[in-house]
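A.B. asks: For reference, this is structure_32.cif, and it has mmCIF, N, CA and C atoms.
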data_run
loop_
_atom_site.label_atom_id
_atom_site.label_comp_id
_atom_site.auth_asym_id
_atom_site.auth_seq_id
_atom_site.Cartn_x
_atom_site.Cartn_y
_atom_site.Cartn_z
N MET R 1 0.85 -1.17 0.00
CA MET R 1 0.00 0.00 0.00
C MET R 1 0.89 1.23 0.00
N ASN R 2 0.54 2.20 -0.81
CA ASN R 2 1.29 3.45 -0.80
C ASN R 2 0.45 4.56 -0.16
N LYS R 3 1.13 5.63 0.21
CA LYS R 3 0.46 6.70 0.95
C LYS R 3 -0.64 7.36 0.12
N LYS R 4 -0.42 7.56 -1.17
CA LYS R 4 -1.42 8.21 -2.02
C LYS R 4 -2.73 7.44 -2.00
N ASP R 5 -2.67 6.12 -2.18
CA ASP R 5 -3.88 5.29 -2.17
C ASP R 5 -4.51 5.25 -0.78
N PHE R 6 -3.67 5.16 0.23
CA PHE R 6 -4.18 5.12 1.61
C PHE R 6 -4.96 6.40 1.92
N LEU R 7 -4.35 7.56 1.64
CA LEU R 7 -5.00 8.82 1.95
C LEU R 7 -6.24 9.05 1.09
N LYS R 8 -6.24 8.53 -0.12
CA LYS R 8 -7.44 8.62 -0.96
C LYS R 8 -8.61 7.90 -0.29
N ASN R 9 -8.33 6.75 0.30
CA ASN R 9 -9.37 6.01 1.02
C ASN R 9 -9.79 6.72 2.31
N VAL R 10 -8.84 7.32 2.99
CA VAL R 10 -9.18 8.09 4.19
C VAL R 10 -10.09 9.26 3.81
N ASP R 11 -9.76 9.94 2.72
CA ASP R 11 -10.59 11.06 2.27
C ASP R 11 -12.00 10.60 1.91
N LYS R 12 -12.11 9.43 1.30
CA LYS R 12 -13.43 8.88 0.97
C LYS R 12 -14.23 8.63 2.24
N ALA R 13 -13.57 8.07 3.25
CA ALA R 13 -14.24 7.82 4.53
C ALA R 13 -14.72 9.14 5.14
N ILE R 14 -13.90 10.17 5.07
CA ILE R 14 -14.29 11.47 5.62
C ILE R 14 -15.51 12.00 4.86
N ASN R 15 -15.49 11.91 3.55
CA ASN R 15 -16.59 12.43 2.73
C ASN R 15 -17.91 11.71 3.00
N TYR R 16 -17.85 10.42 3.29
CA TYR R 16 -19.07 9.64 3.53
C TYR R 16 -19.43 9.51 5.01
N GLY R 17 -18.58 10.05 5.88
CA GLY R 17 -18.87 9.96 7.31
C GLY R 17 -18.63 8.57 7.89
N TRP R 18 -17.69 7.85 7.31
CA TRP R 18 -17.38 6.50 7.77
C TRP R 18 -16.16 6.49 8.67
N GLY R 19 -16.04 5.46 9.47
CA GLY R 19 -14.83 5.19 10.20
C GLY R 19 -13.91 4.35 9.33
N ILE R 20 -12.73 4.04 9.86
CA ILE R 20 -11.79 3.20 9.11
C ILE R 20 -11.17 2.15 10.03
N LYS R 21 -10.80 1.04 9.43
CA LYS R 21 -9.99 0.01 10.08
C LYS R 21 -8.64 0.04 9.38
N VAL R 22 -7.57 0.16 10.14
CA VAL R 22 -6.22 0.25 9.60
C VAL R 22 -5.44 -0.99 10.05
N PHE R 23 -4.81 -1.66 9.09
CA PHE R 23 -4.06 -2.88 9.37
C PHE R 23 -2.58 -2.52 9.52
N VAL R 24 -2.05 -2.75 10.72
CA VAL R 24 -0.69 -2.34 11.07
C VAL R 24 0.17 -3.57 11.31
N ASN R 25 1.25 -3.67 10.56
CA ASN R 25 2.20 -4.78 10.70
C ASN R 25 3.26 -4.41 11.74
N MET R 26 3.46 -5.32 12.69
CA MET R 26 4.45 -5.14 13.75
C MET R 26 5.50 -6.23 13.61
N PRO R 27 6.76 -5.95 13.89
CA PRO R 27 7.83 -6.91 13.63
C PRO R 27 7.73 -8.23 14.39
N ASP R 28 7.18 -8.23 15.59
CA ASP R 28 7.16 -9.44 16.41
C ASP R 28 5.81 -10.16 16.40
N LEU R 29 4.89 -9.71 15.55
CA LEU R 29 3.56 -10.31 15.53
C LEU R 29 3.30 -11.01 14.19
N PRO R 30 2.68 -12.19 14.22
CA PRO R 30 2.45 -12.94 12.98
C PRO R 30 1.36 -12.35 12.09
N LYS R 31 0.42 -11.63 12.67
CA LYS R 31 -0.69 -11.03 11.92
C LYS R 31 -0.76 -9.54 12.21
N PRO R 32 -1.30 -8.76 11.27
CA PRO R 32 -1.42 -7.32 11.53
C PRO R 32 -2.40 -7.02 12.65
N GLU R 33 -2.14 -5.94 13.37
CA GLU R 33 -3.10 -5.42 14.32
C GLU R 33 -4.13 -4.64 13.53
N ILE R 34 -5.34 -4.56 14.04
CA ILE R 34 -6.40 -3.79 13.39
C ILE R 34 -6.78 -2.64 14.32
N ILE R 35 -6.53 -1.44 13.84
CA ILE R 35 -6.84 -0.24 14.59
C ILE R 35 -8.13 0.34 14.03
N CYS R 36 -9.11 0.59 14.87
CA CYS R 36 -10.38 1.16 14.43
C CYS R 36 -10.44 2.64 14.81
N ASN R 37 -10.70 3.47 13.82
CA ASN R 37 -10.89 4.90 14.03
C ASN R 37 -12.34 5.25 13.73
N PRO R 38 -13.12 5.69 14.72
CA PRO R 38 -14.52 6.05 14.47
C PRO R 38 -14.59 7.29 13.57
N PRO R 39 -15.74 7.49 12.93
CA PRO R 39 -15.88 8.60 11.97
C PRO R 39 -15.44 9.95 12.54
N GLU R 40 -15.73 10.20 13.80
CA GLU R 40 -15.40 11.49 14.42
C GLU R 40 -13.89 11.73 14.52
N ASN R 41 -13.10 10.67 14.46
CA ASN R 41 -11.65 10.79 14.63
C ASN R 41 -10.86 10.76 13.31
N VAL R 42 -11.52 10.41 12.22
CA VAL R 42 -10.79 10.14 10.97
C VAL R 42 -10.07 11.38 10.46
N SER R 43 -10.67 12.54 10.51
CA SER R 43 -10.00 13.76 10.02
C SER R 43 -8.69 14.01 10.77
N GLY R 44 -8.74 13.91 12.08
CA GLY R 44 -7.53 14.11 12.87
C GLY R 44 -6.49 13.04 12.63
N LYS R 45 -6.94 11.81 12.48
CA LYS R 45 -5.99 10.71 12.23
C LYS R 45 -5.37 10.83 10.84
N ARG R 46 -6.08 11.43 9.87
CA ARG R 46 -5.52 11.61 8.53
C ARG R 46 -4.22 12.41 8.61
N GLU R 47 -4.26 13.48 9.38
CA GLU R 47 -3.06 14.32 9.54
C GLU R 47 -1.92 13.51 10.16
N TYR R 48 -2.24 12.72 11.17
CA TYR R 48 -1.22 11.88 11.80
C TYR R 48 -0.62 10.90 10.81
N TYR R 49 -1.47 10.15 10.09
CA TYR R 49 -0.97 9.16 9.14
C TYR R 49 -0.10 9.81 8.07
N ASP R 50 -0.51 10.99 7.61
CA ASP R 50 0.26 11.69 6.57
C ASP R 50 1.64 12.09 7.07
N LYS R 51 1.72 12.57 8.30
CA LYS R 51 3.00 13.02 8.86
C LYS R 51 3.88 11.88 9.34
N ALA R 52 3.28 10.85 9.93
CA ALA R 52 4.05 9.81 10.61
C ALA R 52 4.57 8.70 9.69
N TYR R 53 3.94 8.52 8.52
CA TYR R 53 4.31 7.41 7.63
C TYR R 53 4.89 7.92 6.32
N ASP R 54 5.87 7.17 5.79
CA ASP R 54 6.48 7.55 4.51
C ASP R 54 5.59 7.11 3.35
N ASN R 55 6.06 7.30 2.12
CA ASN R 55 5.26 6.99 0.93
C ASN R 55 4.94 5.50 0.78
N ASN R 56 5.72 4.64 1.44
CA ASN R 56 5.46 3.20 1.42
C ASN R 56 4.70 2.74 2.66
N MET R 57 4.20 3.70 3.41
CA MET R 57 3.42 3.46 4.63
C MET R 57 4.22 2.76 5.72
N LYS R 58 5.51 3.06 5.78
CA LYS R 58 6.35 2.62 6.89
C LYS R 58 6.46 3.78 7.87
N LEU R 59 6.39 3.45 9.16
CA LEU R 59 6.49 4.47 10.19
C LEU R 59 7.87 5.13 10.10
N LYS R 60 7.91 6.44 10.01
CA LYS R 60 9.18 7.15 9.81
C LYS R 60 10.13 6.96 10.98
N THR R 61 9.63 6.84 12.19
CA THR R 61 10.49 6.71 13.36
C THR R 61 10.93 5.28 13.66
N PHE R 62 10.28 4.30 12.99
CA PHE R 62 10.63 2.89 13.20
C PHE R 62 10.09 2.11 12.01
N ASP R 63 10.92 1.94 10.99
CA ASP R 63 10.44 1.43 9.70
C ASP R 63 10.06 -0.05 9.68
N GLN R 64 10.15 -0.72 10.83
CA GLN R 64 9.68 -2.10 10.89
C GLN R 64 8.17 -2.16 11.15
N ILE R 65 7.58 -1.02 11.44
CA ILE R 65 6.13 -0.92 11.58
C ILE R 65 5.58 -0.30 10.30
N SER R 66 4.56 -0.93 9.74
CA SER R 66 3.99 -0.43 8.49
C SER R 66 2.48 -0.67 8.44
N ILE R 67 1.83 0.09 7.58
CA ILE R 67 0.40 -0.09 7.34
C ILE R 67 0.24 -0.88 6.05
N SER R 68 -0.53 -1.96 6.12
CA SER R 68 -0.69 -2.82 4.95
C SER R 68 -2.07 -2.76 4.33
N GLY R 69 -3.02 -2.12 5.01
CA GLY R 69 -4.36 -2.06 4.45
C GLY R 69 -5.28 -1.13 5.20
N ILE R 70 -6.40 -0.84 4.56
CA ILE R 70 -7.43 0.01 5.15
C ILE R 70 -8.78 -0.52 4.68
N GLN R 71 -9.74 -0.48 5.57
CA GLN R 71 -11.12 -0.84 5.22
C GLN R 71 -12.05 0.20 5.82
N PHE R 72 -13.20 0.38 5.19
CA PHE R 72 -14.17 1.32 5.70
C PHE R 72 -14.95 0.68 6.84
N LEU R 73 -15.34 1.50 7.79
CA LEU R 73 -16.08 1.06 8.96
C LEU R 73 -17.32 1.93 9.05
N ASN R 74 -18.44 1.40 8.57
CA ASN R 74 -19.69 2.15 8.55
C ASN R 74 -20.44 1.90 9.86
N LEU R 75 -20.42 2.88 10.72
CA LEU R 75 -21.01 2.74 12.04
C LEU R 75 -22.41 3.34 12.13
N LYS R 76 -22.96 3.76 11.03
CA LYS R 76 -24.29 4.38 11.05
C LYS R 76 -25.38 3.36 11.05
#
Show me, as structure tokens, the structure contained in the file I just sent.

C.D. replies:
Amino acid sequence: MNKKDFLKNVDKAINYGWGIKVFVNMPDLPKPEIICNPPENVSGKREYYDKAYDNNMKLKTFDQISISGIQFLNLK
């Protein structure tokens, strides 16, 4: 997953009022963690994801952590 595609999906969630599920790969875990952001938090989290992750969705401060996917979370 690249940052452009990831943020495009985040923007879609914001436009539709949806939450998101973010799949985060950790070095010592066999499966990704799933982080849920409710609709009210997505705008703020967009800024965080944009600043904290590089274009390949690796965490800038620790590149062994990465985002591998995003899904919409419709809580309405």

A.B. asks: Can you give me, as a list in words, the residues this file yields under the PyMOL selection byres ((chain R and resi 68) around 7)?

C.D. replies: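 Here the PyMOL selection byres ((chain R and resi 68) around 7) matches Met1, Val22, Phe23, Val24, Asn25, Met57, Ser66, Ile67, Gly69 and Ile70 of chain R.
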
A.B. asks: So the first atom is atom CA of R:Asn74 and the second is atom N of R:Leu29; what is the distance between them in Å, to one decimal place?

C.D. replies: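 Distance reported for this atom pair: 28.2 Å.
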
A.B. asks: For R:Ile14, find every residue with an atom within 10 Å (counting only C-alpha atoms), except residues of its own chain fewer than 4 positions away, and show them as a list in words.

C.D. replies: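 These residues fall inside the cut-off: Lys8, Asn9, Val10, Trp18, Gly19, Ile20, Pro39, Glu40, Asn41, Val42, Ser43 and Arg46 of chain R.
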
A.B. asks: In Å to one decimal, how far is atom CA of R:Gly17 from atom CA of R:Ile35?

C.D. replies: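 Rounded to one decimal, the two atoms are 17.4 Å apart.
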
A.B. asks: Could you state the separation of atom C of R:Leu7 and atom CA of R:Leu73 in Å, given to one decimal place?

C.D. replies: 14.9 Å

A.B. asks: Let's see if you can do this: from backbone DSSP, list all strand (DSSP E or B) residues in chain R, as a ChimeraX atom specification.

C.D. replies: /R:19-25,33-37,53,58-59,66-73

A.B. asks: Hey, what's within 7 Å of R:Asp54 if we count only N, CA and C atoms and toss same-chain stuff fewer than 6 positions away? As a ChimeraX atom specification, please?

C.D. replies: /R:2-3,60

A.B. asks: Run DSSP on the backbone and tell me which residues of chain R come out as alpha helix (DSSP H); list them as a VMD selection string.

C.D. replies: chain R and resid 3 to 16 39 to 52

A.B. asks: Identify which of the residues R:Tyr16, R:Lys21, R:Met26, R:Lys4 lies closest to R:Phe62, counting only C-alpha atoms when measuring atom-to-atom distances.

C.D. replies: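 Among R:Tyr16, R:Lys21, R:Met26, R:Lys4, it is R:Met26 that comes nearest to R:Phe62.
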